[in-house]
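Peer 1: After the structure tokens below, expect a handful of questions from me.
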Amino acid sequence: MINFLTVTNYVGRSLKIDLRNPWLVGLNITSITGIGAGKASINSTELATRDGGVYNSARLSYRNIVINAQFLPIPTIEESRNRTYEYFPIKKPIILTFETDTKKVQIKGYVESNETTHFEEKTGTQISVICENPYFYDISEDFNSAITFSNIQPLFEFPFENNSLTEPLLEFSSSTSITEKNIDYRGDAEVGMFMTLQFTGTVKNITIHNITLDQHMKIDTKRLQSIVGTDYFKAGDEVTINTIMGEKFIYLQRNGETKSILTCLDKNVDWINLVSGDNHFAYVAESGIEYINFQIKYLLYYQGI
């Protein structure tokens with residue numbers, strides 16, 4: 001059940017609508033369409049020699065959310081109508097946030113129309129929102145999950161005693177490399193992610209795997225030479241990789257400067273995704289794997305509410 005709908009307009013002002021108590025804001029939402037799983041377009045080729053056809057590809061089109069609402073006299077019908085003009089301005093980007101019994105999800109779109117009625121007994125409006133990215137994403141927290149592969153175990157405790165006057169025997173922490181982990185992705189739509197690699201020493205030629213999907217992303221450090229002057233990553237470097245559809249990039253931050261190293265990816269690169277359920281991840285390096293701190297962050301994406 002949808003309990004609340006919050007709309008945030010292009011200047012950052014938000015209106016939270018309680019679907020169970022419309023008198024709070026003067027808008028009684030009578031229906032919302034276009035929030036289900038949607039419909040995919042399947043591309044296929046018919047065959048001359050046998051029945052049926054051959055699958056080529058499939059895609060999900062943009063999402064069209066249509067909101068029907070009745071104006072309530074809070075304090076007047078006209079003010080309620082003007083409220084929709086403020087928060088659903090045509091041509092402008094907005095953010096819709098839906099809160100159900102179990103989820104709090106968001107989607108971005110553009111207002112296609114805000115068609116109000118003036119001469120009916122119960123005046124209202126029909127608002128159409130076009131969402132280029134058809135998926136809803138969970139906003140219970142920013143980046144729902146962060147998976148860290150390398151692990152630092154704290155060892156320093158009080159009280160303490162160094163039993164030698166000449167040797168440093170105290171250990172504050174111990175670092176161990178974990179190169180494989182399973183990610184249990186709880187969304188129901190395939191999604192990209194945000195990966196971070198931090199280096200504490202010299203590292204060459206890294207490959208990241210989603211073994212479950214047989215996807216591989218290789219960074220050829222020989223190609224770094226023409227970009228930053230070395231054929232390896234060094235201590236203090238940080239690589240960020242975004243595999244989210246429409247946002248893909250790979251950057252290297254070194255000595256306070258950020259540069260794209262897209263050309264360092266293998267020509268047969270896979271922009272690694274997550275699928276619902278278990279995803280077995282691993283990474284390898286030609287040398288220096290013990291100097292890599294690897295982290296994955298991702299949002300939960302849903303096909304519909």
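Scheme for the structure tokens: letters A, B, ... for chains in order shown; per-chain residue numbers from 1; ligand numbers from 1 in order shown.
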Each residue of stretch 187-211 of chain A with at least one atom at most 12 Å from stretch 231-238 of chain A should appear once, together with its nearest atom pair and the corresponding distance in Å (one decimal); atoms considered: only C-alpha atoms; ordering: chain, then increasing residue number; output as JSON lines.

Peer 2:
```
{"residue": "A:Met195", "atom": "CA", "partner": "A:Glu238", "partner_atom": "CA", "distance": 10.5}
{"residue": "A:Thr196", "atom": "CA", "partner": "A:Glu238", "partner_atom": "CA", "distance": 7.1}
{"residue": "A:Leu197", "atom": "CA", "partner": "A:Glu238", "partner_atom": "CA", "distance": 5.6}
{"residue": "A:Gln198", "atom": "CA", "partner": "A:Glu238", "partner_atom": "CA", "distance": 4.5}
{"residue": "A:Phe199", "atom": "CA", "partner": "A:Ala235", "partner_atom": "CA", "distance": 5.1}
{"residue": "A:Thr200", "atom": "CA", "partner": "A:Ala235", "partner_atom": "CA", "distance": 4.1}
{"residue": "A:Gly201", "atom": "CA", "partner": "A:Ala235", "partner_atom": "CA", "distance": 4.3}
{"residue": "A:Thr202", "atom": "CA", "partner": "A:Lys234", "partner_atom": "CA", "distance": 4.5}
{"residue": "A:Val203", "atom": "CA", "partner": "A:Phe233", "partner_atom": "CA", "distance": 5.1}
{"residue": "A:Lys204", "atom": "CA", "partner": "A:Tyr232", "partner_atom": "CA", "distance": 5.0}
{"residue": "A:Asn205", "atom": "CA", "partner": "A:Tyr232", "partner_atom": "CA", "distance": 7.7}
{"residue": "A:Ile206", "atom": "CA", "partner": "A:Phe233", "partner_atom": "CA", "distance": 9.9}
```

Peer 1: Write down as a PyMOL selection string the residues belonging to stretch 185-250 of chain A that are assigned strand (DSSP E) by DSSP computed on the backbone.

Peer 2: chain A and resi 185+194-199+204-210+215-219+238-242+249-250

Peer 1: Write out as a PDB file with N, CA, C and O atoms, in the first residue's frame which residues come within 8 Å of A:Asn182 when counting only C-alpha atoms, dropping same-chain ones fewer than 6 positions away.

Peer 2:
```pdb
ATOM      1  N   ASP A 278      22.372 -13.771  -5.267  1.00  0.00           N
ATOM      2  CA  ASP A 278      23.811 -13.870  -5.021  1.00  0.00           C
ATOM      3  C   ASP A 278      24.624 -13.405  -6.225  1.00  0.00           C
ATOM      4  O   ASP A 278      24.312 -13.744  -7.371  1.00  0.00           O
ATOM      5  N   ASN A 279      25.685 -12.641  -5.954  1.00  0.00           N
ATOM      6  CA  ASN A 279      26.654 -12.201  -6.950  1.00  0.00           C
ATOM      7  C   ASN A 279      28.046 -12.464  -6.376  1.00  0.00           C
ATOM      8  O   ASN A 279      28.441 -11.827  -5.392  1.00  0.00           O
ATOM      9  N   HIS A 280      28.762 -13.407  -6.980  1.00  0.00           N
ATOM     10  CA  HIS A 280      30.092 -13.780  -6.491  1.00  0.00           C
ATOM     11  C   HIS A 280      31.140 -12.894  -7.161  1.00  0.00           C
ATOM     12  O   HIS A 280      31.339 -12.962  -8.375  1.00  0.00           O
ATOM     13  N   PHE A 281      31.789 -12.029  -6.368  1.00  0.00           N
ATOM     14  CA  PHE A 281      32.786 -11.094  -6.885  1.00  0.00           C
ATOM     15  C   PHE A 281      34.191 -11.522  -6.488  1.00  0.00           C
ATOM     16  O   PHE A 281      34.408 -12.109  -5.424  1.00  0.00           O
TER      17      PHE A 281
END
```

Peer 1: List as a PyMOL selection string the protein and nucleic acid residues near A:Phe294, meaning an atom at most 12 Å away when only C-alpha atoms are counted, but skip any in the same chain fewer than 6 places from it.

Peer 2: chain A and resi 146-151+176-181+194-200+206-208+238-241+281-284

Peer 1: Write out as a ChimeraX atom specification each polymer residue whose atoms come within 6 Å of A:Leu19, counting only C-alpha atoms; drop sequence neighbours fewer than 3 positions from it.

Peer 2: /A:3-4,22

Peer 1: From the options A:Ser226, A:Thr263, A:Asn28, A:Ser14, which residue's atoms come nearest to A:Phe88, counting only C-alpha atoms?

Peer 2: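 The shortest atom-to-atom distance to A:Phe88 comes from A:Ser14.
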
Peer 1: Give the answer as one residue: which of A:Glu120, A:Pro134, A:Val275, A:Ala58 has the shortest atom-to-atom distance to A:Arg186, using only C-alpha atoms?

Peer 2: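 For A:Arg186, the nearest of the candidates is A:Val275.
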
Peer 1: To one decimal place in Å, what is the distance between atom CA of A:Glu290 and atom CA of A:Ile250?

Peer 2: 21.6 Å

Peer 1: Counting only C-alpha atoms, figure out which residue out of A:Met245, A:Ile272, A:Val191, A:Ile139 gets nearest to A:Leu96.

Peer 2: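 Ranked by minimum distance to A:Leu96, first place goes to A:Ile139.
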
Peer 1: Go through A:Ile305, A:Leu299, A:Met1, A:Ile289 one by one, measure the shortest atom-to-atom distance of each to A:Asp138 using only C-alpha atoms, and give the residue with the smallest value.

Peer 2: A:Leu299

Peer 1: Using only C-alpha atoms for the distances, tell me which of A:Cys264, A:Ile2, A:Met217, A:Leu27 is nearest to A:Ile74.

Peer 2: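 Result for the nearest residue to A:Ile74: A:Leu27.
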
Peer 1: In Å, rounded to a single decimal, give me how far atom CA of A:Ile183 is from atom CA of A:Trp271.

Peer 2: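 These two atoms are separated by 16.7 Å.
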
Peer 1: Fewer than 4 positions away in the same chain doesn't count, so skip those; otherwise give me all residues within 10 Å of A:Ser128, counting only C-alpha atoms, as a ChimeraX atom specification.

Peer 2: /A:32-34,64-68,88,90,109-115

Peer 1: Next, write the just-selected residues to a file, as a PDB file, in the first residue's frame, keeping N, CA, C and O atoms as the atom set.

Peer 2:
```
ATOM      1  N   ILE A  32      -3.110   6.526  -9.424  1.00  0.00           N
ATOM      2  CA  ILE A  32      -1.759   6.701  -9.980  1.00  0.00           C
ATOM      3  C   ILE A  32      -1.501   5.505 -10.881  1.00  0.00           C
ATOM      4  O   ILE A  32      -1.568   4.349 -10.437  1.00  0.00           O
ATOM      5  N   THR A  33      -1.208   5.746 -12.140  1.00  0.00           N
ATOM      6  CA  THR A  33      -0.891   4.666 -13.068  1.00  0.00           C
ATOM      7  C   THR A  33       0.560   4.788 -13.523  1.00  0.00           C
ATOM      8  O   THR A  33       1.187   5.848 -13.395  1.00  0.00           O
ATOM      9  N   GLY A  34       1.094   3.696 -14.060  1.00  0.00           N
ATOM     10  CA  GLY A  34       2.466   3.713 -14.572  1.00  0.00           C
ATOM     11  C   GLY A  34       3.521   3.424 -13.534  1.00  0.00           C
ATOM     12  O   GLY A  34       4.696   3.723 -13.749  1.00  0.00           O
ATOM     13  N   ASN A  64       5.930   6.324 -17.910  1.00  0.00           N
ATOM     14  CA  ASN A  64       4.965   7.419 -17.905  1.00  0.00           C
ATOM     15  C   ASN A  64       4.045   7.248 -16.691  1.00  0.00           C
ATOM     16  O   ASN A  64       3.207   6.354 -16.657  1.00  0.00           O
ATOM     17  N   ILE A  65       4.252   8.090 -15.692  1.00  0.00           N
ATOM     18  CA  ILE A  65       3.433   8.062 -14.478  1.00  0.00           C
ATOM     19  C   ILE A  65       2.331   9.114 -14.612  1.00  0.00           C
ATOM     20  O   ILE A  65       2.620  10.283 -14.907  1.00  0.00           O
ATOM     21  N   VAL A  66       1.092   8.700 -14.414  1.00  0.00           N
ATOM     22  CA  VAL A  66      -0.046   9.598 -14.524  1.00  0.00           C
ATOM     23  C   VAL A  66      -0.756   9.656 -13.167  1.00  0.00           C
ATOM     24  O   VAL A  66      -1.157   8.620 -12.627  1.00  0.00           O
ATOM     25  N   ILE A  67      -0.897  10.878 -12.644  1.00  0.00           N
ATOM     26  CA  ILE A  67      -1.513  11.104 -11.337  1.00  0.00           C
ATOM     27  C   ILE A  67      -2.827  11.851 -11.528  1.00  0.00           C
ATOM     28  O   ILE A  67      -2.853  12.931 -12.135  1.00  0.00           O
ATOM     29  N   ASN A  68      -3.914  11.283 -11.048  1.00  0.00           N
ATOM     30  CA  ASN A  68      -5.211  11.954 -11.059  1.00  0.00           C
ATOM     31  C   ASN A  68      -5.523  12.426  -9.644  1.00  0.00           C
ATOM     32  O   ASN A  68      -5.454  11.639  -8.690  1.00  0.00           O
ATOM     33  N   PHE A  88       4.243  20.832  -9.753  1.00  0.00           N
ATOM     34  CA  PHE A  88       4.284  20.045 -10.988  1.00  0.00           C
ATOM     35  C   PHE A  88       4.368  20.984 -12.190  1.00  0.00           C
ATOM     36  O   PHE A  88       3.486  20.964 -13.063  1.00  0.00           O
ATOM     37  N   ILE A  90       5.101  22.328 -15.757  1.00  0.00           N
ATOM     38  CA  ILE A  90       5.333  21.625 -17.017  1.00  0.00           C
ATOM     39  C   ILE A  90       6.734  21.940 -17.557  1.00  0.00           C
ATOM     40  O   ILE A  90       7.268  23.020 -17.355  1.00  0.00           O
ATOM     41  N   GLY A 109      11.830  12.539 -13.080  1.00  0.00           N
ATOM     42  CA  GLY A 109      11.140  12.681 -14.353  1.00  0.00           C
ATOM     43  C   GLY A 109      10.886  14.127 -14.710  1.00  0.00           C
ATOM     44  O   GLY A 109      11.296  15.044 -13.992  1.00  0.00           O
ATOM     45  N   TYR A 110      10.206  14.318 -15.857  1.00  0.00           N
ATOM     46  CA  TYR A 110       9.847  15.647 -16.341  1.00  0.00           C
ATOM     47  C   TYR A 110       8.324  15.717 -16.472  1.00  0.00           C
ATOM     48  O   TYR A 110       7.693  14.761 -16.931  1.00  0.00           O
ATOM     49  N   VAL A 111       7.752  16.852 -16.081  1.00  0.00           N
ATOM     50  CA  VAL A 111       6.306  17.018 -16.159  1.00  0.00           C
ATOM     51  C   VAL A 111       5.922  17.260 -17.615  1.00  0.00           C
ATOM     52  O   VAL A 111       6.305  18.263 -18.219  1.00  0.00           O
ATOM     53  N   GLU A 112       5.163  16.320 -18.166  1.00  0.00           N
ATOM     54  CA  GLU A 112       4.703  16.445 -19.554  1.00  0.00           C
ATOM     55  C   GLU A 112       3.463  17.331 -19.632  1.00  0.00           C
ATOM     56  O   GLU A 112       3.325  18.146 -20.549  1.00  0.00           O
ATOM     57  N   SER A 113       2.546  17.159 -18.683  1.00  0.00           N
ATOM     58  CA  SER A 113       1.315  17.951 -18.702  1.00  0.00           C
ATOM     59  C   SER A 113       0.722  18.030 -17.304  1.00  0.00           C
ATOM     60  O   SER A 113       0.976  17.179 -16.449  1.00  0.00           O
ATOM     61  N   ASN A 114      -0.070  19.088 -17.103  1.00  0.00           N
ATOM     62  CA  ASN A 114      -0.813  19.283 -15.856  1.00  0.00           C
ATOM     63  C   ASN A 114      -2.172  19.841 -16.284  1.00  0.00           C
ATOM     64  O   ASN A 114      -2.382  21.049 -16.334  1.00  0.00           O
ATOM     65  N   GLU A 115      -3.075  18.932 -16.646  1.00  0.00           N
ATOM     66  CA  GLU A 115      -4.349  19.318 -17.254  1.00  0.00           C
ATOM     67  C   GLU A 115      -5.432  19.414 -16.183  1.00  0.00           C
ATOM     68  O   GLU A 115      -5.923  18.408 -15.669  1.00  0.00           O
TER      69      GLU A 115
END
```

Peer 1: Please list as a compact mmCIF listing (two decimals) with C-alpha atoms, in the first residue's frame every residue within 10 Å of A:Glu86, counting only C-alpha atoms and excluding residues in the same chain fewer than 5 positions away.

Peer 2:
```
# COMPACT_ATOMS: atom_id res chain seq x y z
CA ASN A 9 10.18 20.53 -7.77
CA TYR A 10 13.14 21.82 -9.76
CA ARG A 13 10.73 22.67 -2.67
CA SER A 14 8.86 19.57 -1.52
CA LEU A 15 5.20 18.76 -0.94
CA ARG A 81 -5.00 24.18 -8.01
```

Peer 1: Given only C-alpha atoms as the basis, pick out the residue of A:Ile292, A:Ile219, A:Leu224, A:Ile17 nearest to A:Phe98.

Peer 2: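 For A:Phe98, the nearest of the given residues is A:Ile17.
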
Peer 1: Could you state the separation of atom CA of A:Thr230 and atom CA of A:Leu252 in Å, given to one decimal place?

Peer 2: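 Computing it gives 12.4 Å between the two atoms.
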